[in-house]
>>> print(open('final33.cif').read())   # mmCIF, C-alpha atoms and all ligand atoms
data_entry
loop_
_atom_site.label_atom_id
_atom_site.label_comp_id
_atom_site.auth_asym_id
_atom_site.auth_seq_id
_atom_site.Cartn_x
_atom_site.Cartn_y
_atom_site.Cartn_z
CA MET A 1 0.00 0.00 0.00
CA ALA A 2 1.20 3.59 -0.73
CA ASP A 3 2.18 5.47 2.44
CA ALA A 4 1.66 9.16 1.62
CA SER A 5 3.03 10.28 5.00
CA PHE A 6 6.61 9.72 3.68
CA GLY A 7 5.85 11.55 0.45
CA PHE A 8 6.65 8.40 -1.58
CA SER A 9 4.92 5.11 -2.05
CA THR A 10 6.52 2.48 0.19
CA LEU A 11 6.13 -0.69 -1.87
CA GLN A 12 6.29 -3.88 0.15
CA MET A 13 8.75 -6.47 -1.21
CA GLY A 14 5.78 -8.81 -1.59
CA GLU A 15 4.56 -7.15 -4.79
CA LEU A 16 5.75 -6.33 -8.31
CA ALA A 17 6.68 -2.64 -8.64
CA ILE A 18 5.22 -2.37 -12.16
CA GLY A 19 5.51 1.44 -12.47
CA LYS A 20 9.16 1.37 -11.34
CA HIS A 21 10.08 -1.35 -13.87
CA VAL A 22 8.36 0.51 -16.74
CA HIS A 23 10.31 3.64 -15.79
CA TYR A 24 13.59 1.63 -15.61
CA ILE A 25 13.10 0.03 -19.05
CA LEU A 26 12.23 3.39 -20.65
CA SER A 27 15.28 5.03 -19.02
CA VAL A 28 17.64 2.32 -20.38
CA GLU A 29 16.09 2.72 -23.84
CA LYS A 30 16.89 6.47 -23.67
CA LYS A 31 20.44 6.22 -22.18
CA LYS A 32 22.87 6.02 -25.09
CA ASP A 33 26.29 6.80 -23.60
CA SER A 34 26.12 4.88 -20.30
CA PHE A 35 28.68 2.10 -19.67
CA GLU A 36 25.87 -0.42 -19.81
CA SER A 37 24.59 0.74 -23.18
CA VAL A 38 28.14 0.90 -24.63
CA VAL A 39 28.90 -2.64 -23.41
CA MET A 40 25.59 -3.81 -24.81
CA ASP A 41 25.91 -1.80 -28.03
CA HIS A 42 26.65 -4.86 -30.17
CA LEU A 43 23.59 -6.73 -28.87
CA ARG A 44 21.19 -3.79 -28.80
CA MET A 45 18.71 -5.80 -30.91
CA ASN A 46 18.51 -8.39 -28.11
CA GLY A 47 18.14 -5.53 -25.62
CA ALA A 48 15.25 -4.14 -27.66
CA TYR A 49 13.50 -7.52 -27.54
CA TRP A 50 14.08 -7.90 -23.76
CA GLY A 51 12.96 -4.34 -22.95
CA LEU A 52 9.97 -4.11 -25.29
CA THR A 53 8.59 -7.57 -24.42
CA THR A 54 8.82 -6.60 -20.73
CA LEU A 55 6.81 -3.43 -21.47
CA ASP A 56 4.21 -5.47 -23.37
CA LEU A 57 3.83 -8.03 -20.56
CA LEU A 58 3.32 -5.04 -18.19
CA GLY A 59 0.68 -3.67 -20.60
CA LYS A 60 2.76 -0.59 -21.45
CA LEU A 61 4.09 -1.20 -25.01
CA ASP A 62 2.27 1.97 -26.08
CA SER A 63 4.75 4.09 -24.05
CA VAL A 64 7.31 3.79 -26.86
CA ASN A 65 7.25 5.31 -30.37
CA ALA A 66 6.68 2.27 -32.62
CA ASP A 67 7.80 4.04 -35.82
CA GLU A 68 11.16 5.01 -34.26
CA VAL A 69 11.79 1.40 -33.16
CA LEU A 70 10.73 -0.08 -36.50
CA SER A 71 12.92 2.21 -38.61
CA TRP A 72 15.92 1.41 -36.38
CA ILE A 73 15.24 -2.34 -36.67
CA MET A 74 15.02 -2.21 -40.47
CA ALA A 75 18.27 -0.19 -40.56
CA CYS A 76 19.89 -3.25 -38.92
CA GLN A 77 18.92 -5.62 -41.73
CA HIS A 78 21.91 -6.85 -43.74
CA GLU A 79 21.77 -7.44 -47.50
CA SER A 80 21.91 -11.20 -46.71
CA GLY A 81 18.47 -10.86 -45.11
CA GLY A 82 19.83 -11.39 -41.59
CA PHE A 83 19.75 -8.74 -38.85
CA SER A 84 22.71 -7.37 -36.84
CA GLY A 85 22.88 -6.38 -33.17
CA ASN A 86 23.14 -2.71 -34.12
CA ILE A 87 23.47 -0.58 -37.22
CA GLY A 88 26.60 -1.47 -39.23
CA HIS A 89 27.40 -4.68 -37.32
CA ASP A 90 27.48 -8.19 -38.83
CA PRO A 91 24.25 -10.23 -39.08
CA HIS A 92 23.69 -13.19 -36.74
CA ILE A 93 20.82 -15.61 -36.20
CA LEU A 94 20.51 -14.37 -32.57
CA TYR A 95 19.65 -10.82 -33.65
CA THR A 96 17.47 -11.99 -36.55
CA LEU A 97 15.08 -13.75 -34.14
CA SER A 98 15.02 -10.71 -31.82
CA ALA A 99 14.20 -8.41 -34.76
CA VAL A 100 11.37 -10.70 -35.94
CA GLN A 101 10.02 -11.00 -32.37
CA VAL A 102 9.94 -7.20 -31.93
CA LEU A 103 8.20 -6.73 -35.30
CA ALA A 104 5.63 -9.34 -34.15
CA LEU A 105 5.10 -7.40 -30.88
CA PHE A 106 4.13 -4.33 -32.94
CA ASN A 107 2.11 -6.43 -35.44
CA LYS A 108 4.45 -5.26 -38.20
CA LEU A 109 5.70 -8.55 -39.72
CA ASP A 110 4.25 -7.30 -43.01
CA VAL A 111 7.14 -4.81 -43.41
CA LEU A 112 9.50 -7.79 -43.90
CA ASP A 113 10.60 -9.45 -47.14
CA ILE A 114 9.83 -12.83 -45.55
CA ASP A 115 11.61 -14.86 -48.28
CA LYS A 116 14.82 -12.84 -47.74
CA VAL A 117 14.87 -13.55 -43.99
CA ALA A 118 13.91 -17.21 -44.51
CA THR A 119 16.70 -17.63 -47.09
CA TYR A 120 19.24 -16.24 -44.59
CA ILE A 121 18.17 -18.71 -41.89
CA THR A 122 17.81 -21.69 -44.24
CA GLY A 123 21.36 -20.99 -45.45
CA LEU A 124 22.62 -21.59 -41.89
CA GLN A 125 21.37 -25.21 -41.70
CA ASN A 126 24.18 -27.79 -41.94
CA GLU A 127 24.17 -31.24 -43.56
CA ASP A 128 23.60 -32.95 -40.19
CA GLY A 129 20.49 -30.85 -39.52
CA SER A 130 22.24 -28.55 -37.03
CA PHE A 131 22.40 -24.74 -37.40
CA SER A 132 25.30 -22.31 -37.34
CA GLY A 133 24.90 -18.87 -35.75
CA ASP A 134 26.43 -16.97 -38.68
CA MET A 135 28.90 -17.35 -41.57
CA TRP A 136 31.73 -18.25 -39.12
CA GLY A 137 30.01 -21.58 -38.50
CA GLU A 138 29.70 -21.98 -34.69
CA VAL A 139 27.14 -24.78 -34.09
CA ASP A 140 24.93 -24.81 -30.97
CA THR A 141 21.43 -26.13 -30.16
CA ARG A 142 20.60 -22.49 -29.23
CA PHE A 143 20.74 -21.78 -32.99
CA SER A 144 18.42 -24.72 -33.76
CA TYR A 145 15.79 -23.18 -31.47
CA ILE A 146 16.32 -19.69 -32.90
CA ALA A 147 15.97 -20.93 -36.51
CA ILE A 148 12.84 -23.00 -35.77
CA CYS A 149 11.19 -20.28 -33.61
CA CYS A 150 11.92 -17.54 -36.17
CA LEU A 151 10.74 -19.48 -39.24
CA SER A 152 7.64 -20.64 -37.34
CA ILE A 153 6.74 -17.01 -36.53
CA LEU A 154 7.26 -16.22 -40.25
CA ARG A 155 5.02 -19.23 -41.09
CA CYS A 156 7.69 -20.84 -43.32
CA LEU A 157 9.07 -23.69 -41.20
CA ASP A 158 8.78 -25.88 -44.30
CA LYS A 159 11.79 -24.07 -45.83
CA ILE A 160 14.22 -26.06 -43.64
CA ASN A 161 14.67 -29.81 -43.19
CA VAL A 162 12.63 -30.11 -39.98
CA GLU A 163 13.15 -33.87 -39.68
CA LYS A 164 16.97 -33.50 -39.73
CA ALA A 165 16.78 -30.48 -37.39
CA VAL A 166 14.79 -32.57 -34.87
CA SER A 167 17.10 -35.59 -35.18
CA TYR A 168 20.15 -33.35 -34.54
CA ILE A 169 18.51 -31.92 -31.40
CA LEU A 170 17.72 -35.46 -30.17
CA SER A 171 21.40 -36.40 -30.76
CA CYS A 172 22.18 -33.81 -28.04
CA LYS A 173 19.96 -35.53 -25.43
CA ASN A 174 21.89 -36.84 -22.38
CA LEU A 175 21.33 -39.83 -20.07
CA ASP A 176 20.01 -37.41 -17.39
CA GLY A 177 17.16 -36.48 -19.73
CA GLY A 178 18.64 -33.03 -20.38
CA PHE A 179 20.27 -31.45 -23.44
CA GLY A 180 23.63 -29.77 -24.17
CA CYS A 181 25.01 -27.39 -26.83
CA THR A 182 26.25 -30.23 -29.05
CA PRO A 183 26.21 -34.08 -28.89
CA GLY A 184 27.81 -35.16 -25.58
CA GLY A 185 27.63 -31.60 -24.17
CA GLU A 186 26.71 -31.27 -20.47
CA SER A 187 23.00 -30.68 -19.67
CA HIS A 188 22.33 -26.99 -18.94
CA ALA A 189 18.98 -25.26 -18.33
CA GLY A 190 19.50 -22.75 -21.16
CA GLN A 191 20.15 -25.50 -23.70
CA ILE A 192 17.23 -27.55 -22.32
CA PHE A 193 14.88 -24.59 -22.92
CA CYS A 194 16.16 -24.28 -26.51
CA CYS A 195 15.80 -28.00 -27.29
CA VAL A 196 12.42 -28.45 -25.56
CA GLY A 197 11.14 -25.23 -27.19
CA ALA A 198 12.24 -26.39 -30.66
CA LEU A 199 10.69 -29.83 -30.10
CA ALA A 200 7.45 -28.20 -28.85
CA ILE A 201 7.19 -25.93 -31.92
CA THR A 202 7.81 -28.88 -34.30
CA GLY A 203 5.32 -31.14 -32.47
CA SER A 204 8.09 -33.55 -31.42
CA LEU A 205 7.81 -33.53 -27.60
CA HIS A 206 6.91 -37.24 -27.61
CA HIS A 207 10.66 -37.89 -27.94
CA VAL A 208 11.27 -36.39 -24.45
CA ASP A 209 11.23 -38.54 -21.26
CA LYS A 210 9.06 -36.05 -19.32
CA ASP A 211 9.53 -37.69 -15.91
CA LEU A 212 13.30 -38.02 -16.23
CA LEU A 213 13.74 -34.44 -17.57
CA GLY A 214 11.07 -33.09 -15.17
CA TRP A 215 13.05 -34.54 -12.27
CA TRP A 216 16.33 -32.91 -13.45
CA LEU A 217 14.50 -29.57 -13.86
CA CYS A 218 12.63 -29.54 -10.52
CA GLU A 219 15.93 -30.36 -8.78
CA ARG A 220 17.07 -26.87 -9.92
CA GLN A 221 14.95 -25.30 -7.13
CA VAL A 222 17.13 -24.39 -4.12
CA LYS A 223 16.19 -23.56 -0.49
CA SER A 224 15.62 -19.86 -1.22
CA GLY A 225 12.97 -20.82 -3.81
CA GLY A 226 15.13 -19.66 -6.72
CA LEU A 227 16.17 -21.90 -9.63
CA ASN A 228 19.77 -22.60 -10.74
CA GLY A 229 21.01 -23.72 -14.15
CA ARG A 230 23.00 -26.79 -13.12
CA PRO A 231 23.47 -28.83 -9.91
CA GLU A 232 25.40 -27.04 -7.12
CA LYS A 233 25.13 -23.61 -8.85
CA LEU A 234 23.65 -20.44 -7.29
CA PRO A 235 20.01 -19.54 -8.13
CA ASP A 236 19.53 -16.86 -10.80
CA VAL A 237 16.35 -15.08 -11.91
CA CYS A 238 16.93 -15.83 -15.60
CA TYR A 239 16.61 -19.55 -14.82
CA SER A 240 13.07 -18.68 -13.69
CA TRP A 241 12.53 -18.62 -17.44
CA TRP A 242 14.81 -21.37 -18.79
CA VAL A 243 13.71 -24.00 -16.21
CA LEU A 244 10.09 -22.92 -15.70
CA SER A 245 9.14 -22.62 -19.39
CA SER A 246 10.69 -26.09 -19.97
CA LEU A 247 8.70 -27.57 -17.05
CA ILE A 248 5.50 -26.01 -18.42
CA MET A 249 6.14 -27.35 -21.94
CA ILE A 250 6.59 -30.91 -20.59
CA ASP A 251 3.65 -30.49 -18.18
CA ARG A 252 5.62 -30.99 -14.95
CA VAL A 253 5.45 -27.44 -13.47
CA HIS A 254 3.51 -28.75 -10.44
CA TRP A 255 6.78 -30.41 -9.31
CA ILE A 256 8.20 -27.10 -8.03
CA ASP A 257 7.08 -24.69 -5.27
CA LYS A 258 5.63 -21.79 -7.29
CA GLU A 259 4.98 -19.49 -4.28
CA LYS A 260 8.63 -19.71 -3.14
CA LEU A 261 9.83 -18.93 -6.68
CA VAL A 262 7.52 -15.87 -6.91
CA LYS A 263 8.99 -14.62 -3.62
CA PHE A 264 12.58 -15.15 -4.89
CA ILE A 265 11.91 -13.09 -8.04
CA LEU A 266 10.16 -10.29 -6.08
CA ASP A 267 13.15 -10.20 -3.68
CA CYS A 268 15.40 -9.39 -6.67
CA GLN A 269 13.65 -6.11 -7.48
CA ASP A 270 15.23 -2.67 -7.01
CA LEU A 271 12.20 -0.93 -5.47
CA GLU A 272 13.86 2.50 -5.65
CA ASN A 273 14.96 2.73 -9.28
CA GLY A 274 13.17 -0.23 -10.83
CA GLY A 275 14.64 -3.27 -12.56
CA ILE A 276 15.27 -6.86 -11.45
CA SER A 277 18.71 -8.46 -10.79
CA ASP A 278 19.96 -12.04 -11.12
CA ARG A 279 19.78 -12.51 -7.33
CA PRO A 280 18.87 -10.33 -4.32
CA ASP A 281 21.00 -7.14 -3.86
CA ASP A 282 22.88 -7.49 -7.18
CA ALA A 283 22.83 -4.81 -9.91
CA VAL A 284 19.70 -4.87 -12.09
CA ASP A 285 19.78 -5.18 -15.88
CA VAL A 286 17.28 -5.38 -18.77
CA PHE A 287 17.96 -9.11 -19.32
CA HIS A 288 17.02 -10.17 -15.78
CA THR A 289 14.17 -7.65 -15.63
CA TYR A 290 12.68 -9.35 -18.69
CA PHE A 291 13.22 -12.94 -17.51
CA GLY A 292 11.94 -12.03 -14.04
CA VAL A 293 8.71 -10.50 -15.40
CA ALA A 294 8.33 -13.32 -17.96
CA GLY A 295 8.89 -15.88 -15.17
CA LEU A 296 6.20 -14.21 -13.03
CA SER A 297 3.91 -14.28 -16.07
CA LEU A 298 4.48 -18.04 -16.41
CA LEU A 299 3.59 -18.25 -12.67
CA GLU A 300 0.34 -16.40 -13.50
CA TYR A 301 1.25 -13.37 -11.30
CA PRO A 302 -1.77 -10.99 -11.25
CA GLY A 303 -1.73 -7.96 -13.60
CA LEU A 304 0.70 -9.46 -16.14
CA LYS A 305 -0.17 -10.55 -19.69
CA ALA A 306 0.25 -14.29 -20.33
CA VAL A 307 3.48 -15.29 -22.11
CA ASP A 308 3.93 -18.27 -24.45
CA PRO A 309 6.61 -20.63 -22.99
CA ALA A 310 7.89 -21.81 -26.41
CA TYR A 311 7.83 -18.54 -28.43
CA ALA A 312 8.78 -16.25 -25.49
CA LEU A 313 6.18 -13.76 -26.73
CA PRO A 314 2.87 -12.59 -25.19
CA VAL A 315 0.11 -15.15 -25.90
CA ASP A 316 -2.04 -12.51 -27.64
CA VAL A 317 0.87 -11.86 -30.07
CA VAL A 318 1.25 -15.62 -30.80
CA ASN A 319 -2.54 -15.94 -31.34
CA ARG A 320 -2.44 -13.00 -33.77
CA ILE A 321 0.40 -14.65 -35.75
CA PHE A 322 -1.26 -18.07 -36.03
CA PHE A 323 -4.96 -17.28 -35.85
CA GLY A 324 -4.95 -13.73 -37.22
CA ARG A 325 -6.97 -12.22 -34.39
C1 LIG A 401 27.09 -8.26 -17.85
O1 LIG A 401 27.78 -9.36 -18.37
C2 LIG A 401 27.28 -9.89 -19.50
C3 LIG A 401 27.63 -11.22 -19.80
C4 LIG A 401 27.14 -11.83 -20.95
C5 LIG A 401 26.29 -11.11 -21.77
S1 LIG A 401 25.59 -11.91 -23.15
O2 LIG A 401 26.50 -12.90 -23.62
O3 LIG A 401 25.17 -10.91 -24.08
N1 LIG A 401 24.24 -12.69 -22.59
C6 LIG A 401 23.05 -11.92 -22.31
C7 LIG A 401 23.13 -11.17 -20.98
C8 LIG A 401 22.61 -9.88 -20.95
C9 LIG A 401 22.66 -9.13 -19.78
C10 LIG A 401 22.08 -7.81 -19.78
N2 LIG A 401 21.60 -6.77 -19.79
C11 LIG A 401 23.21 -9.65 -18.61
C12 LIG A 401 23.71 -10.94 -18.61
C13 LIG A 401 23.67 -11.71 -19.78
N3 LIG A 401 24.15 -13.00 -19.76
C14 LIG A 401 25.08 -13.40 -18.71
C15 LIG A 401 24.33 -14.03 -17.57
C16 LIG A 401 22.98 -14.02 -17.30
N4 LIG A 401 22.78 -14.74 -16.17
C17 LIG A 401 23.97 -15.19 -15.75
N5 LIG A 401 24.92 -14.75 -16.62
C18 LIG A 401 26.35 -15.01 -16.51
C19 LIG A 401 23.67 -14.05 -20.64
C20 LIG A 401 24.43 -13.96 -21.93
C21 LIG A 401 24.07 -15.13 -22.90
C22 LIG A 401 22.71 -15.01 -23.52
C23 LIG A 401 22.56 -14.20 -24.66
C24 LIG A 401 21.29 -14.10 -25.25
C25 LIG A 401 20.19 -14.77 -24.72
C26 LIG A 401 20.36 -15.57 -23.60
C27 LIG A 401 21.61 -15.68 -22.99
C28 LIG A 401 25.97 -9.77 -21.52
C29 LIG A 401 26.47 -9.16 -20.37
ZN ZN A 402 21.01 -14.84 -15.16
#
>>> encode(input="final33.cif", output="structure tokens")
Amino acid sequence: MADASFGFSTLQMGELAIGKHVHYILSVEKKKDSFESVVMDHLRMNGAYWGLTTLDLLGKLDSVNADEVLSWIMACQHESGGFSGNIGHDPHILYTLSAVQVLALFNKLDVLDIDKVATYITGLQNEDGSFSGDMWGEVDTRFSYIAICCLSILRCLDKINVEKAVSYILSCKNLDGGFGCTPGGESHAGQIFCCVGALAITGSLHHVDKDLLGWWLCERQVKSGGLNGRPEKLPDVCYSWWVLSSLIMIDRVHWIDKEKLVKFILDCQDLENGGISDRPDDAVDVFHTYFGVAGLSLLEYPGLKAVDPAYALPVDVVNRIFFGR
């Protein structure tokens, strides 16, 4: 409750400071010369996706100038059809998905030459079904998810060899039920989200041992209620997304204590200046603010728009893409 006697609203820790987080996101968008924005300059397209999707989940996407964002995004498109992290940088599959996701947020996918973007992504699929991130060839299951998610949003998943893409992802499944970056790679929550998300989008989740993987995922919850990314690691708010969205996709989310996780995320807020950090009392950033709000949305926190666990977009945006309403 607001306490006017102190001249400012004293927010209890037990609630989401929506107004503060909106103000924080808008202030980061505006700051150009801060250390943070210089460091993040090369991945500004990712930052745009994290910040703008947070605003949309908070019901405040209309506080930004859509035309300004859209013209900047299109200025980041490379002649190859791929998008770069900022104007004049090299294209990468990471930034191409973020650009497409932001255009979807604003219902502006029609400004794209869809074939050009699809050709860029299709060109990154390798013989074994895997995907590289860019022309330098690094292979990672993250890029399989990004390719499948992006082409699915563009409604042209049929342009890649889906069967080989799925079989490559399954070749990265480990005995613990989890997935790694490449075949034999250690299971990690971020990679598990990417592989489970790609399998969900391609209708291939029947290949996953839901009890075995569900067990590995629910074991990520530590005493404080937070989730970590691997055994023995510290909890981190961004795993509230990687682990939780995976548990929801394999229908095992009831295996964790949701109330304790909500409390962990709320404890990571900066109630003065807005923003959410990776764990209590650390510095906030746009990345953890997004994954904290998106995690709370997956936990059905009141006042937030629902988010789709596979597409990492608001459900109303996904419905508009696939059902046109
Ligand atoms: C501040 O040091 C960093 C370190 C790395 C990076 S990064 O490589 O660009 N990146 C995105 C990222 C963005 C921000 C923000 N704002 C903060 C962190 C962070 N990490 C690091 C992190 C988060 N949780 C624990 N760790 C160690 C993830 C990383 C990888 C990633 C990229 C895209 C999508 C998902 C994950 C950026 C800043
Ligand atoms: Zn994190």
>>> closest_atom_pairs(input="final33.cif", of="chain A", to="ligand LIG 401 (chain A)", cutoff="10 Å", atoms="only C-alpha atoms and all ligand atoms", output="JSON lines")
{"residue": "A:Val28", "atom": "CA", "partner": "A:LIG401", "partner_atom": "N2", "distance": 9.9}
{"residue": "A:Glu36", "atom": "CA", "partner": "A:LIG401", "partner_atom": "N2", "distance": 7.7}
{"residue": "A:Ser37", "atom": "CA", "partner": "A:LIG401", "partner_atom": "N2", "distance": 8.8}
{"residue": "A:Val39", "atom": "CA", "partner": "A:LIG401", "partner_atom": "C29", "distance": 7.6}
{"residue": "A:Met40", "atom": "CA", "partner": "A:LIG401", "partner_atom": "C28", "distance": 6.8}
{"residue": "A:Asp41", "atom": "CA", "partner": "A:LIG401", "partner_atom": "O3", "distance": 10.0}
{"residue": "A:His42", "atom": "CA", "partner": "A:LIG401", "partner_atom": "O3", "distance": 8.7}
{"residue": "A:Leu43", "atom": "CA", "partner": "A:LIG401", "partner_atom": "O3", "distance": 6.6}
{"residue": "A:Arg44", "atom": "CA", "partner": "A:LIG401", "partner_atom": "O3", "distance": 9.4}
{"residue": "A:Asn46", "atom": "CA", "partner": "A:LIG401", "partner_atom": "C24", "distance": 7.0}
{"residue": "A:Gly47", "atom": "CA", "partner": "A:LIG401", "partner_atom": "N2", "distance": 6.9}
{"residue": "A:Trp50", "atom": "CA", "partner": "A:LIG401", "partner_atom": "N2", "distance": 8.6}
{"residue": "A:Gly51", "atom": "CA", "partner": "A:LIG401", "partner_atom": "N2", "distance": 9.5}
{"residue": "A:Leu94", "atom": "CA", "partner": "A:LIG401", "partner_atom": "C24", "distance": 7.4}
{"residue": "A:Tyr95", "atom": "CA", "partner": "A:LIG401", "partner_atom": "C24", "distance": 9.2}
{"residue": "A:Ser98", "atom": "CA", "partner": "A:LIG401", "partner_atom": "C25", "distance": 9.7}
{"residue": "A:Arg142", "atom": "CA", "partner": "A:LIG401", "partner_atom": "C26", "distance": 8.9}
{"residue": "A:Gly190", "atom": "CA", "partner": "A:LIG401", "partner_atom": "C27", "distance": 7.6}
{"residue": "A:Gln191", "atom": "CA", "partner": "A:LIG401", "partner_atom": "C26", "distance": 9.9}
{"residue": "A:Asn228", "atom": "CA", "partner": "A:LIG401", "partner_atom": "C17", "distance": 9.9}
{"residue": "A:Gly229", "atom": "CA", "partner": "A:LIG401", "partner_atom": "C17", "distance": 9.2}
{"residue": "A:Leu234", "atom": "CA", "partner": "A:LIG401", "partner_atom": "C17", "distance": 10.0}
{"residue": "A:Pro235", "atom": "CA", "partner": "A:LIG401", "partner_atom": "C17", "distance": 9.6}
{"residue": "A:Asp236", "atom": "CA", "partner": "A:LIG401", "partner_atom": "N4", "distance": 6.6}
{"residue": "A:Val237", "atom": "CA", "partner": "A:LIG401", "partner_atom": "N4", "distance": 7.7}
{"residue": "A:Cys238", "atom": "CA", "partner": "A:LIG401", "partner_atom": "N4", "distance": 6.0}
{"residue": "A:Tyr239", "atom": "CA", "partner": "A:LIG401", "partner_atom": "N4", "distance": 7.9}
{"residue": "A:Trp242", "atom": "CA", "partner": "A:LIG401", "partner_atom": "C26", "distance": 9.4}
{"residue": "A:Ser277", "atom": "CA", "partner": "A:LIG401", "partner_atom": "C11", "distance": 9.1}
{"residue": "A:Asp278", "atom": "CA", "partner": "A:LIG401", "partner_atom": "N4", "distance": 6.4}
{"residue": "A:Arg279", "atom": "CA", "partner": "A:LIG401", "partner_atom": "N4", "distance": 9.6}
{"residue": "A:Ala283", "atom": "CA", "partner": "A:LIG401", "partner_atom": "C1", "distance": 9.6}
{"residue": "A:Val284", "atom": "CA", "partner": "A:LIG401", "partner_atom": "N2", "distance": 8.2}
{"residue": "A:Asp285", "atom": "CA", "partner": "A:LIG401", "partner_atom": "N2", "distance": 4.6}
{"residue": "A:Val286", "atom": "CA", "partner": "A:LIG401", "partner_atom": "N2", "distance": 4.7}
{"residue": "A:Phe287", "atom": "CA", "partner": "A:LIG401", "partner_atom": "C10", "distance": 4.3}
{"residue": "A:His288", "atom": "CA", "partner": "A:LIG401", "partner_atom": "C11", "distance": 6.8}
{"residue": "A:Thr289", "atom": "CA", "partner": "A:LIG401", "partner_atom": "N2", "distance": 8.6}
{"residue": "A:Tyr290", "atom": "CA", "partner": "A:LIG401", "partner_atom": "N2", "distance": 9.4}
{"residue": "A:Phe291", "atom": "CA", "partner": "A:LIG401", "partner_atom": "C26", "distance": 9.7}
>>> residues_around(input="final33.cif", residues="Asp62 in chain A", least_positions_apart="3", cutoff="12 Å", atoms="all atoms listed in the file", output="number ranges by chain")
A: 22, 26, 52-53, 55-59, 65-67, 69, 105-106
>>> closest_atom_pairs(input="final33.cif", of="range 71-187 of chain A", to="range 217-225 of chain A", cutoff="12 Å", atoms="only C-alpha atoms", output="Markdown table")
| residue | atom | partner | partner_atom | distance |
| --- | --- | --- | --- | --- |
| A:Asp176 | CA | A:Leu217 | CA | 10.2 |
| A:Gly177 | CA | A:Leu217 | CA | 9.4 |
| A:Gly178 | CA | A:Leu217 | CA | 8.5 |
| A:Phe179 | CA | A:Leu217 | CA | 11.3 |
| A:Ser187 | CA | A:Leu217 | CA | 10.4 |
>>> residues_around(input="final33.cif", residues="range 170-174 of chain A", least_positions_apart="3", cutoff="10 Å", atoms="all atoms listed in the file", output="JSON, numbers by chain")
{"A": [140, 141, 164, 165, 166, 167, 177, 178, 179, 180, 181, 182, 183, 184, 185, 186, 187, 191, 192, 195, 196, 199, 204, 207, 208, 213]}
>>> closest_residue(input="final33.cif", among="A:His23, A:Lys258, A:Lys305, A:Lys233", to="ligand ZN 402 (chain A)", atoms="all atoms listed in the file")
A:Lys233
>>> closest_residue(input="final33.cif", among="A:Asp316, A:Leu299, A:Cys268, A:Leu124", to="ligand ZN 402 (chain A)", atoms="all atoms listed in the file")
A:Cys268
>>> axis_aligned_box(input="final33.cif", around="range 124-128 of chain A", padding_each_side="5 Å", output="lines of an AutoDock Vina configuration file")
center_x = 22.8
center_y = -27.3
center_z = -41.9
size_x = 12.8
size_y = 21.4
size_z = 13.4
>>> residues_around(input="final33.cif", residues="Trp72 in chain A", least_positions_apart="5", cutoff="12 Å", atoms="only C-alpha atoms", output="ChimeraX atom specification")
/A:44-45,48,65-67,77,83-88,99,102-103
>>> write_last_selection(input="final33.cif", atoms="C-alpha atoms", output="PDB file, in the coordinates of the input")
ATOM      1  CA  ARG A  44      21.190  -3.790 -28.800  1.00  0.00           C
ATOM      2  CA  MET A  45      18.710  -5.800 -30.910  1.00  0.00           C
ATOM      3  CA  ALA A  48      15.250  -4.140 -27.660  1.00  0.00           C
ATOM      4  CA  ASN A  65       7.250   5.310 -30.370  1.00  0.00           C
ATOM      5  CA  ALA A  66       6.680   2.270 -32.620  1.00  0.00           C
ATOM      6  CA  ASP A  67       7.800   4.040 -35.820  1.00  0.00           C
ATOM      7  CA  GLN A  77      18.920  -5.620 -41.730  1.00  0.00           C
ATOM      8  CA  PHE A  83      19.750  -8.740 -38.850  1.00  0.00           C
ATOM      9  CA  SER A  84      22.710  -7.370 -36.840  1.00  0.00           C
ATOM     10  CA  GLY A  85      22.880  -6.380 -33.170  1.00  0.00           C
ATOM     11  CA  ASN A  86      23.140  -2.710 -34.120  1.00  0.00           C
ATOM     12  CA  ILE A  87      23.470  -0.580 -37.220  1.00  0.00           C
ATOM     13  CA  GLY A  88      26.600  -1.470 -39.230  1.00  0.00           C
ATOM     14  CA  ALA A  99      14.200  -8.410 -34.760  1.00  0.00           C
ATOM     15  CA  VAL A 102       9.940  -7.200 -31.930  1.00  0.00           C
ATOM     16  CA  LEU A 103       8.200  -6.730 -35.300  1.00  0.00           C
TER      17      LEU A 103
END
>>> atom_distance(input="final33.cif", atom1="CA of Ala104 in chain A", atom2="CA of Ala75 in chain A")
16.9 Å
>>> atom_distance(input="final33.cif", atom1="CA of Gly81 in chain A", atom2="CA of Gly197 in chain A")
24.1 Å
>>> closest_residue(input="final33.cif", among="A:Asp113, A:Glu259, A:Asp90, A:Glu163", to="Tyr301 in chain A", atoms="only C-alpha atoms")
A:Glu259
>>> atom_distance(input="final33.cif", atom1="CA of Gly274 in chain A", atom2="CA of Glu29 in chain A")
13.7 Å
>>> residues_around(input="final33.cif", residues="Gly14 in chain A", least_positions_apart="4", cutoff="10 Å", atoms="all atoms listed in the file", output="PyMOL selection string")
chain A and resi 262-267
>>> closest_residue(input="final33.cif", among="A:Leu112, A:Leu227, A:Leu271, A:Ile276", to="Ile256 in chain A", atoms="all atoms listed in the file")
A:Leu227
>>> closest_residue(input="final33.cif", among="A:Gly19, A:Gly203, A:Gly292, A:Pro91", to="ligand ZN 402 (chain A)", atoms="all atoms listed in the file")
A:Gly292
>>> closest_residue(input="final33.cif", among="A:Met249, A:Trp216, A:Leu205, A:Ala189", to="ligand ZN 402 (chain A)", atoms="all atoms listed in the file")
A:Ala189
